[in-house]
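Pasting run10.pdb here (PDB, C-alpha atoms, pLDDT in the B column):
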ATOM      1  CA  MET A 354      -1.541   6.184  11.116  1.00 80.00           C
ATOM      2  CA  ILE A 355       0.880   3.405  12.146  1.00 90.00           C
ATOM      3  CA  THR A 356      -1.261   0.821  10.344  1.00 87.00           C
ATOM      4  CA  PHE A 357      -1.243   2.950   7.194  1.00 86.00           C
ATOM      5  CA  LEU A 358       2.572   3.263   7.313  1.00 91.00           C
ATOM      6  CA  LYS A 359       3.012  -0.466   7.956  1.00 93.00           C
ATOM      7  CA  ALA A 360       0.611  -1.266   5.123  1.00 88.00           C
ATOM      8  CA  ASN A 361       2.643   0.915   2.778  1.00 85.00           C
ATOM      9  CA  ALA A 362       5.879  -0.759   3.880  1.00 93.00           C
ATOM     10  CA  ALA A 363       4.274  -4.152   3.178  1.00 92.00           C
ATOM     11  CA  SER A 364       3.044  -2.866  -0.152  1.00 86.00           C
ATOM     12  CA  LEU A 365       6.537  -1.664  -1.000  1.00 89.00           C
ATOM     13  CA  ALA A 366       8.025  -5.094  -0.223  1.00 95.00           C
ATOM     14  CA  ALA A 367       5.328  -6.794  -2.283  1.00 93.00           C
ATOM     15  CA  SER A 368       5.823  -4.303  -5.110  1.00 89.00           C
ATOM     16  CA  LEU A 369       9.556  -5.004  -5.180  1.00 94.00           C
ATOM     17  CA  CYS A 370       8.831  -8.718  -5.575  1.00 96.00           C
ATOM     18  CA  ASP A 371       6.209  -7.927  -8.193  1.00 92.00           C
ATOM     19  CA  PHE A 372       8.505  -5.637 -10.203  1.00 91.00           C
ATOM     20  CA  LEU A 373      11.497  -7.962  -9.976  1.00 96.00           C
ATOM     21  CA  MET A 374       9.429 -10.897 -11.200  1.00 97.00           C
ATOM     22  CA  THR A 375       7.929  -8.830 -14.026  1.00 94.00           C
ATOM     23  CA  MET A 376      11.294  -7.497 -15.176  1.00 94.00           C
ATOM     24  CA  LEU A 377      12.954 -10.913 -14.917  1.00 97.00           C
ATOM     25  CA  LEU A 378      10.243 -12.474 -17.051  1.00 97.00           C
ATOM     26  CA  VAL A 379      10.316  -9.700 -19.666  1.00 95.00           C
ATOM     27  CA  GLN A 380      14.062  -9.082 -19.866  1.00 96.00           C
ATOM     28  CA  VAL A 381      15.510 -12.546 -19.270  1.00 97.00           C
ATOM     29  CA  CYS A 382      12.762 -14.976 -20.218  1.00 97.00           C
ATOM     30  CA  LYS A 383      11.286 -12.784 -22.998  1.00 96.00           C
ATOM     31  CA  ILE A 384       7.742 -13.376 -21.747  1.00 95.00           C
ATOM     32  CA  ASN A 385       4.909 -11.167 -23.041  1.00 93.00           C
ATOM     33  CA  VAL A 386       4.591  -7.948 -20.988  1.00 92.00           C
ATOM     34  CA  VAL A 387       0.973  -8.583 -19.985  1.00 91.00           C
ATOM     35  CA  MET A 388       1.660 -12.176 -18.863  1.00 94.00           C
ATOM     36  CA  ALA A 389       4.759 -11.042 -16.989  1.00 94.00           C
ATOM     37  CA  ALA A 390       2.769  -8.289 -15.276  1.00 90.00           C
ATOM     38  CA  ALA A 391       0.097 -10.800 -14.235  1.00 91.00           C
ATOM     39  CA  THR A 392       2.704 -13.191 -12.822  1.00 95.00           C
ATOM     40  CA  GLY A 393       4.419 -10.359 -10.970  1.00 93.00           C
ATOM     41  CA  THR A 394       1.101  -9.220  -9.516  1.00 88.00           C
ATOM     42  CA  ILE A 395       0.349 -12.738  -8.245  1.00 92.00           C
ATOM     43  CA  THR A 396       3.811 -13.004  -6.683  1.00 95.00           C
ATOM     44  CA  GLY A 397       3.420  -9.612  -5.018  1.00 93.00           C
ATOM     45  CA  GLY A 398      -0.045 -10.590  -3.813  1.00 90.00           C
ATOM     46  CA  ILE A 399       1.243 -13.625  -1.968  1.00 93.00           C
ATOM     47  CA  VAL A 400       3.964 -11.564  -0.298  1.00 95.00           C
ATOM     48  CA  ASN A 401       1.506  -8.792   0.579  1.00 89.00           C
ATOM     49  CA  PHE A 402      -1.007 -11.189   2.137  1.00 89.00           C
ATOM     50  CA  LEU A 403       1.589 -12.832   4.350  1.00 90.00           C
ATOM     51  CA  ILE A 404       3.098  -9.543   5.548  1.00 92.00           C
ATOM     52  CA  GLY A 405      -0.297  -7.868   5.912  1.00 87.00           C
ATOM     53  CA  ARG A 406      -1.792 -10.716   7.867  1.00 86.00           C
ATOM     54  CA  HIS A 407       1.059 -11.207  10.305  1.00 85.00           C
ATOM     55  CA  TRP A 408       2.646  -7.771  10.678  1.00 89.00           C
ATOM     56  CA  VAL A 409       0.372  -4.977   9.468  1.00 88.00           C
ATOM     57  CA  PHE A 410      -3.018  -6.043  10.772  1.00 82.00           C
ATOM     58  CA  ASN A 411      -1.983  -8.688  13.373  1.00 76.00           C
ATOM     59  CA  ALA A 412      -4.774 -10.966  12.220  1.00 70.00           C
ATOM     60  CA  GLY A 413      -5.551 -13.917  14.476  1.00 68.00           C
ATOM     61  CA  ASP A 414      -5.205 -17.512  13.332  1.00 70.00           C
ATOM     62  CA  GLU A 415      -8.855 -18.290  13.959  1.00 68.00           C
ATOM     63  CA  LYS A 416      -9.865 -16.257  10.898  1.00 74.00           C
ATOM     64  CA  ALA A 417      -7.068 -17.326   8.552  1.00 79.00           C
ATOM     65  CA  VAL A 418      -9.160 -19.243   6.026  1.00 83.00           C
ATOM     66  CA  ARG A 419     -11.869 -16.577   5.855  1.00 86.00           C
ATOM     67  CA  GLN A 420      -9.239 -13.843   5.436  1.00 86.00           C
ATOM     68  CA  LEU A 421      -7.532 -15.835   2.700  1.00 88.00           C
ATOM     69  CA  TRP A 422     -10.800 -16.105   0.756  1.00 91.00           C
ATOM     70  CA  LYS A 423     -11.583 -12.410   1.189  1.00 92.00           C
ATOM     71  CA  TYR A 424      -8.020 -11.525   0.200  1.00 91.00           C
ATOM     72  CA  ALA A 425      -8.253 -13.763  -2.882  1.00 92.00           C
ATOM     73  CA  LEU A 426     -11.456 -11.966  -3.895  1.00 95.00           C
ATOM     74  CA  VAL A 427      -9.850  -8.537  -3.487  1.00 94.00           C
ATOM     75  CA  TRP A 428      -6.616  -9.667  -5.130  1.00 90.00           C
ATOM     76  CA  THR A 429      -8.519 -10.964  -8.162  1.00 94.00           C
ATOM     77  CA  GLY A 430      -9.764  -7.425  -8.690  1.00 95.00           C
ATOM     78  CA  ASN A 431      -6.217  -6.193  -8.133  1.00 91.00           C
ATOM     79  CA  LEU A 432      -4.904  -8.623 -10.736  1.00 90.00           C
ATOM     80  CA  PHE A 433      -7.395  -7.412 -13.348  1.00 94.00           C
ATOM     81  CA  LEU A 434      -6.784  -3.742 -12.543  1.00 95.00           C
ATOM     82  CA  ASN A 435      -2.989  -4.077 -12.667  1.00 90.00           C
ATOM     83  CA  THR A 436      -2.840  -6.304 -15.731  1.00 91.00           C
ATOM     84  CA  GLY A 437      -5.467  -4.282 -17.569  1.00 95.00           C
ATOM     85  CA  GLY A 438      -3.772  -1.021 -16.666  1.00 95.00           C
ATOM     86  CA  VAL A 439      -0.381  -2.225 -17.895  1.00 92.00           C
ATOM     87  CA  TYR A 440      -2.028  -3.468 -21.080  1.00 94.00           C
ATOM     88  CA  VAL A 441      -3.666  -0.086 -21.725  1.00 95.00           C
ATOM     89  CA  PHE A 442      -0.623   2.041 -20.862  1.00 95.00           C
ATOM     90  CA  ALA A 443       2.079  -0.188 -22.396  1.00 93.00           C
ATOM     91  CA  CYS A 444       0.315  -1.713 -25.387  1.00 92.00           C
ATOM     92  CA  HIS A 445      -2.030   1.106 -26.396  1.00 95.00           C
ATOM     93  CA  ALA A 446      -0.581   4.329 -24.987  1.00 95.00           C
ATOM     94  CA  GLY A 447       2.987   3.337 -25.868  1.00 93.00           C
ATOM     95  CA  LEU A 448       4.520   3.869 -22.418  1.00 94.00           C
ATOM     96  CA  HIS A 449       7.467   1.712 -21.390  1.00 94.00           C
ATOM     97  CA  TYR A 450       6.204  -1.331 -19.495  1.00 90.00           C
ATOM     98  CA  ALA A 451       8.144  -0.419 -16.328  1.00 91.00           C
ATOM     99  CA  ILE A 452       6.642   3.086 -16.194  1.00 95.00           C
ATOM    100  CA  SER A 453       3.201   1.639 -16.888  1.00 94.00           C
ATOM    101  CA  LYS A 454       3.669  -0.880 -14.070  1.00 89.00           C
ATOM    102  CA  VAL A 455       4.706   1.809 -11.570  1.00 91.00           C
ATOM    103  CA  VAL A 456       1.863   4.195 -12.424  1.00 94.00           C
ATOM    104  CA  VAL A 457      -0.807   1.510 -12.357  1.00 93.00           C
ATOM    105  CA  SER A 458       0.564  -0.121  -9.193  1.00 89.00           C
ATOM    106  CA  LEU A 459       0.519   3.143  -7.262  1.00 89.00           C
ATOM    107  CA  LEU A 460      -3.018   3.982  -8.325  1.00 93.00           C
ATOM    108  CA  VAL A 461      -4.313   0.518  -7.444  1.00 92.00           C
ATOM    109  CA  ALA A 462      -2.417   0.424  -4.127  1.00 87.00           C
ATOM    110  CA  PHE A 463      -3.820   3.663  -2.761  1.00 88.00           C
ATOM    111  CA  LEU A 464      -7.300   3.677  -4.288  1.00 94.00           C
ATOM    112  CA  TYR A 465      -8.182  -0.025  -4.164  1.00 95.00           C
ATOM    113  CA  ASN A 466      -5.904  -2.304  -2.111  1.00 89.00           C
ATOM    114  CA  TYR A 467      -5.424  -0.420   1.140  1.00 88.00           C
ATOM    115  CA  PRO A 468      -9.081   0.531   1.673  1.00 93.00           C
ATOM    116  CA  LEU A 469     -10.312  -2.989   0.924  1.00 94.00           C
ATOM    117  CA  GLN A 470      -7.662  -4.746   2.999  1.00 88.00           C
ATOM    118  CA  LYS A 471      -8.265  -2.489   5.971  1.00 87.00           C
ATOM    119  CA  ASN A 472     -12.050  -2.392   5.833  1.00 91.00           C
ATOM    120  CA  PHE A 473     -12.892  -5.814   4.418  1.00 92.00           C
ATOM    121  CA  VAL A 474     -10.125  -8.440   4.411  1.00 89.00           C
ATOM    122  CA  PHE A 475      -8.556  -7.896   7.840  1.00 83.00           C
ATOM    123  CA  SER A 476     -11.457  -6.081   9.512  1.00 82.00           C
ATOM    124  CA  ASN A 477     -13.182  -7.565  12.537  1.00 74.00           C
ATOM    125  CA  ASN A 478     -16.493  -6.219  11.237  1.00 73.00           C
ATOM    126  CA  TRP A 479     -16.875  -8.850   8.490  1.00 63.00           C
TER
END
As structure tokens, the full file:
Amino acid sequence: MITFLKANAASLAASLCDFLMTMLLVQVCKINVVMAAATGTITGGIVNFLIGRHWVFNAGDEKAVRQLWKYALVWTGNLFLNTGGVYVFACHAGLHYAISKVVVSLLVAFLYNYPLQKNFVFSNNW
């Protein structure tokens, strides 16, 4: 249960970075919503990997490169799910991009990211 709570705290920190980057790019830089969402997701992914590796899962240094590759594989799926979800909800369903980002991020975090990070990326079984 502690690992789950720590993972959600890490996810929250990463999501804040993700959302801030997305909103900065859309509101200030006038970047396309889908491109901004992709950039935010990448930024959040970097933050999430670093926090997850060092604080949530206490991963040892001997597996750093292998974990990075596994994380990159999982995060590529995350990037497509988040960007595609924002595209569908914001561009086709007409939801505000911020609401789309929140809804999609929560779904992906609980149904995709946590299970794969726990059981694949930072697991000792792989």
(message) Need to verify the contact set: range 402-407 of chain A, 9 Å, all atoms listed in the file, exclusion of same-chain residues closer than 3 positions in sequence. Can you return it as a list in words?
(response) Lys359, Ala360, Ala363, Ser364, Ala366, Ala367, Gly397, Gly398, Ile399, Phe410, Asn411, Ala412, Gly413, Ala417, Gln420, Leu421, Tyr424, Gln470 and Phe475 of chain A
Write out, as a compact mmCIF listing (two decimals), in the coordinates of the input, the residues just selected, with C-alpha atoms.
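Result written to result_31.txt:
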# COMPACT_ATOMS: atom_id res chain seq x y z
CA LYS A 359 3.01 -0.47 7.96
CA ALA A 360 0.61 -1.27 5.12
CA ALA A 363 4.27 -4.15 3.18
CA SER A 364 3.04 -2.87 -0.15
CA ALA A 366 8.02 -5.09 -0.22
CA ALA A 367 5.33 -6.79 -2.28
CA GLY A 397 3.42 -9.61 -5.02
CA GLY A 398 -0.04 -10.59 -3.81
CA ILE A 399 1.24 -13.62 -1.97
CA PHE A 410 -3.02 -6.04 10.77
CA ASN A 411 -1.98 -8.69 13.37
CA ALA A 412 -4.77 -10.97 12.22
CA GLY A 413 -5.55 -13.92 14.48
CA ALA A 417 -7.07 -17.33 8.55
CA GLN A 420 -9.24 -13.84 5.44
CA LEU A 421 -7.53 -15.84 2.70
CA TYR A 424 -8.02 -11.52 0.20
CA GLN A 470 -7.66 -4.75 3.00
CA PHE A 475 -8.56 -7.90 7.84
(message) One decimal, in Å: what's the spacing between CA of Ala451 in chain A and CA of Asn385 in chain A?
(response) 13.1 Å
(message) Can you tell me which residues surround Asn435 in chain A at a distance of at most 10 Å, considering all atoms listed in the file, apart from same-chain residues fewer than 4 positions away, and format the answer as number ranges by chain?
(response) A: 387, 390-391, 393-394, 429-431, 439-441, 453-462
(request) Could you jot down the CA of Phe433 in chain A to CA of Lys471 in chain A separation for me, Å, one decimal place? (result)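 Taking CA of Phe433 in chain A and CA of Lys471 in chain A, their separation equals 20.0 Å.
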Where is the centre and how long are the edges: axis-aligned box on range 435-442 of chain A, 4 Å on each side, Å to one decimal, as lines of an AutoDock Vina configuration file:
center_x = -2.9
center_y = -2.1
center_z = -17.2
size_x = 13.1
size_y = 16.3
size_z = 17.1
(message) From the options A:Leu369, A:Val409, A:Thr436, A:Asn401, which residue's atoms come nearest to Met354 in chain A, counting all atoms listed in the file?
(response)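 Under the stated criterion, the closest residue is A:Val409.
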(message) Restricting the calculation to all atoms listed in the file: of A:Cys444, A:Ala425, A:Ile384, A:Val379, which residue gets closest to Leu469 in chain A?
(response) A:Ala425
(request) Can you work out which one of A:Lys383, A:Val474, A:Gly438, A:Phe463 has the shortest atom-to-atom distance to Leu365 in chain A, counting all atoms listed in the file? (result) A:Phe463
(request) Find the residue from A:Lys423, A:Ala443, A:Ala362, A:Tyr450 that sits nearest to Thr375 in chain A; use only C-alpha atoms when measuring. (result) A:Tyr450
(message) Rounded to one decimal, what separation in Å do you get between CA of Phe357 in chain A and CA of Arg419 in chain A?
(response)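 The value is 22.3 Å.
With all atoms listed in the file as the atoms that count, the minimum distance from Trp428 in chain A to the choices A:Val386, A:Leu373, A:Ile395, A:Val381 is reached by A:Ile395.
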